[in-house]
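Everything below concerns the one structure shown next.
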Amino acid sequence: MTGVSSFVQMDVSCDGCVGWQTFHNFILQHYKHVKDSMWACKNVPISQPSIQHCTYNKQEPIVRVLALSQSPPMRYISVSKRGTLIVWNRHLNNIKPLEMCAGPFNKRQYRKGFQGWTTDAVYLGNVHKIAVATLSRSIHFFDVTTTCSFEQVHLFGLSHIATALCYWYDTEALGEKCVLMWGDDRGSVNLLWFLQPFKGLFEMPFTNQTGPVQIFMPDIHAHSTLVSYQHIPKIHNEPINRILYEPHDELIITSSESPASSVVIIDVSQKRGEYIWRIEKGVKCFDFSFSLGLLVTAGVGSAVRLWNRYVTSRPTAVLRSHQTTVVDVVIHQALGKIFSYSKDAVLKIWDIPSQQCLKTIPLQFPNIHLGFTPEHGSFPLLLSLTPDPVLLVTCREFLATLHLHKSESNSRSGIYTCALYNPHLQQVITACADSTLTVWDVKTGIKRMEIRNAHGKEEVSCMALDVHQRRLISAATNGTIKVWNLLNGLNLHKLETVSNAEVTGVICHHDNQLLATGWSRLIAQYSIAFSEDIYVNADLSWKSGRQHGEDILAMDHCPGLGLLATGSYDGEIIIWSLALQKPITRLQTNQQEKAHLPVHRLLFLQRRAQQSVLRSGAVLLSSQNGTVCCWSISGPRHNQGQFYAPDGSDESVMGLSTDQENSLLVTGDTAGLIKVWDISQYALAAADTQSAEGLPSLLHSWRGHEMAIVSSELLAYESQLFVLSISVDRRACLWTPQGSCVGCFGQEQQWDLNNPDTYQTNREPTCPIKEEEKRTEDSQSRVSAGSFICWGESSEVTGTSLSAGDSQQTELALDLQRGFMALQTPDSDHRSSLERFPLPKYSEVLSGDHVFRDLEIKMNARQRRPRDTGREKLCLFGNEFMPLQALELPEISELKDVPLKPWRLKIRQISSRGAEISSRMLSSEAPLHCETLED
């Protein structure tokens, strides 16, 4: 941290000077924050190793382990040095092996003879094949689509031995051009471009011969309609031991043990300059992260080096902790960790930001003996991220499994409650119900900073920025208010709590004076102009006191007019004078039409308020359930017009935002719809000269979320407009005003707002809830189908089979579930998205993660609750009030004359006869007569 950056972080008030007390507080808080971060990162979420023994390898080392993630169910294939392929299920139970067929010049009787050692293998995910390279200058292609795997193609006669393989395909266009590349023992790179992979990798002639199709490499031109060959000679002076392909810049990264060309980065077209790293004693392994711009290498020595991808002269860091040669490294980008593995079977986990060793795990393989170095394959590490993160480590014929559990900081986000955009730092700040504040880079969607437990366990209810947009003010449901430094995440101020009631509005006006209000109906004033004061007392001298009859739900201010607007649960809007600290106007909708509409959002049209010509028109917008009302502050009639924004009935608009010119209005409702309106000519004149009826022009409308939208904001980035939306479906998304999805914050694939090709247009944004439910369903289906399926034999279930009774009970449960879901079928596309999901899941989401926790304590602490209007859809659990309203549960009616299966009809008949016999026994004193029940 340089001196200039430190001064900028300390000078949060932007007055150009820093006092001694401010400097002292900053240093103490900074080192406390660093210490807490180090303790948090040392808690590496990794399980104890589970070691499996592969007896089929016959004590031959495992060269490579492949994860077949694109061919469900999840399986692994290990390739031994002698060419034995072992199939493992997702629980790492080994299955009968597969052996490669004989070469083209070998007879069947010589299959047991030596065929050449394998050098590497790779999984071709889009076509469900694996390629295995051998020392006999050949590549074997196995089809793994079905449960019975077989060798399909044998490519032989390569010019040199393939020592390292790599395969790439476009995950968004599986049938488009893909490439298989390999480095050979002469330091060259060879590329096979498959032009139409879905039609076939090679021409497959019709023949009566059994076994794989034999293709001679010099005759590859005969398959030019499906494949093309490219050769890049003499990149290294020694054999290539690693090769990677980076599709973003079309780069090929290779390594060798040559000191003159240890690591080389070239582009496929060879039109750009190459980057060459010259490292003493060369490189044995490396890994590369494009998003981090990080290259990690390891050589004959015990050091792990970190490099900037553009700087070849010296490493950015050298990690020294291993005692022997490091044989493999891998980067876990999501965790920000590096895994390194050495010859003495020691696994180390490094933290990338702090460059410290977090954990050392000595793997106790049975073949390790004192004084002997165990034998390893060429690629002993495999990091598989789907469906569950797992790290596989091989040592000769043994395989160790380490599960990477999701840590608290990397688990799925909580339910979003509010969000805002910081145009000065070009960052998006989101708040969750689990009291987590997250800062995102709007240009790329990368998480820049995360503050956990900002208000303990309380839900963050609202946020605001200070005048200079360097500090964040957050308020919670228990009445606490805190001020944070957005540059380093330090807590600068803790404001005095006025009451235990929820804070629903915070604003910062001139001279860093804060105003806060909420369910207490009091307006408290704070001053954060003095950065030395950590604890700031509340100023309750606001002259007018409590003016609202119900709880205040929304607040906004207009600096140009010096006005403050507050809206309450009973639909009343009060306009205050900031200078006089008293109300000057009271606004309310026509009570004859709709009485007691809660005010959810208030929005001043700042540009109209600055122009005296437009002040007679609407300068304030309010969202009251689904109705957007336009208000004028002056004149005899304040209501300048109103319109119902959602498509369906009984919906509410929870997101309200406009651009700087006040020409566009963005609304987000509880049905998940986002709409962009043209309000440039709407409600400009006074109500006596313009009709208050009609709708503004609707420019664009799209469904952004499957559940209710909590907030939506129209933000500007480098003269471009984007729409930010957050929802109770745990997603925060960025859109273009036309409805094209840029992406979801926190997704693995980054975007670039200056490059529309990186947008997730026409793709469904990643939903953590759906992914987790899908993984759960897949896991349950795999368990019900058995532990694993044998390849090469008939499929058989080796797990515990279900009895007849259990089978009937399972089928009955599925029927009941299907019947229950049928009750919730929506009638139209724009009905409440709640009706699309089973009730238990949705009620869990609606609870906001805190309804069931200390409910009685919160009810007493928050004084009174809004009541009467809308209780059926807002208060699903007791008197708990949620701001995520209009989430209406579907009416459930009893099904009659439901068709039943024959065996269920028999059970009903038997039950009715049994009940009839019991009634006779109880009502009659006559001797008991038994009846025979037919099956």
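Residue numbering restarts at 1 for every chain of the structure tokens, chains are lettered A, B, ... in their displayed order, and ligands are numbered from 1 as they appear.
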#### Entry: Selection: 7 Å around Ser474 in chain A, only C-alpha atoms, excl. self and same-chain fewer than 5 positions, as JSON, numbers by chain
{"A": [460, 462, 463, 464, 481, 482, 483]}
Tell me, counting only C-alpha atoms, for each residue of range 363-430 of chain A within 7 Å of range 321-339 of chain A, which pair of atoms is nearest and how far apart they are in Å to one decimal, in rows ordered by chain and increasing number, as JSON lines.
```
{"residue": "A:Phe379", "atom": "CA", "partner": "A:Asp328", "partner_atom": "CA", "distance": 6.7}
{"residue": "A:Pro380", "atom": "CA", "partner": "A:Asp328", "partner_atom": "CA", "distance": 6.6}
{"residue": "A:Leu381", "atom": "CA", "partner": "A:Asp328", "partner_atom": "CA", "distance": 6.4}
```
Residues from the last selection, C-alpha atoms, saved as an mmCIF file, in the first residue's frame:
```cif
data_model
loop_
_atom_site.group_PDB
_atom_site.id
_atom_site.type_symbol
_atom_site.label_atom_id
_atom_site.label_comp_id
_atom_site.auth_asym_id
_atom_site.auth_seq_id
_atom_site.Cartn_x
_atom_site.Cartn_y
_atom_site.Cartn_z
ATOM 1 C CA PHE A 379 -0.085 -35.273 -13.983
ATOM 2 C CA PRO A 380 -0.855 -36.179 -10.359
ATOM 3 C CA LEU A 381 -3.391 -33.396 -9.593
#
```
### Separation of CA of Trp440 in chain A from CA of Tyr526 in chain A, in Å and rounded to one decimal
27.9 Å
#### Entry: Expected answer as a ChimeraX atom specification: strand (DSSP E or B) residues in range 293-481 of chain A
/A:294-298,303-308,317-320,326-332,337-342,346-351,356-362,381-384,390-395,398-404,416-422,427-432,437-441,447-451,460-465,471-476,481
### Task
Extract, using only C-alpha atoms, all DNA, RNA and protein residues at most 10 Å from range 604-610 of chain A, discarding same-chain residues fewer than 6 positions from it, and format them as a PyMOL selection string.
chain A and resi 555-561+563-565+616-622+630-631+633+657-663+684
### Task
Tell me which protein, DNA and RNA residues are within 8 Å of Gly489 in chain A, counting only C-alpha atoms, leaving out same-chain ones fewer than 2 positions away, and put them as a list in words.
Met449, Glu450, Ile451, Trp484, Asn485, Leu486, Leu487 and Asn491 of chain A
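In this model, the gap between CA of His510 in chain A and CA of Phe722 in chain A comes to 28.1 Å.
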### Message
Counting only C-alpha atoms, which residue out of A:Gln738, A:Thr758, A:Ser149, A:Gln355 sits closest to Glu172 in chain A?
### Response
A:Thr758
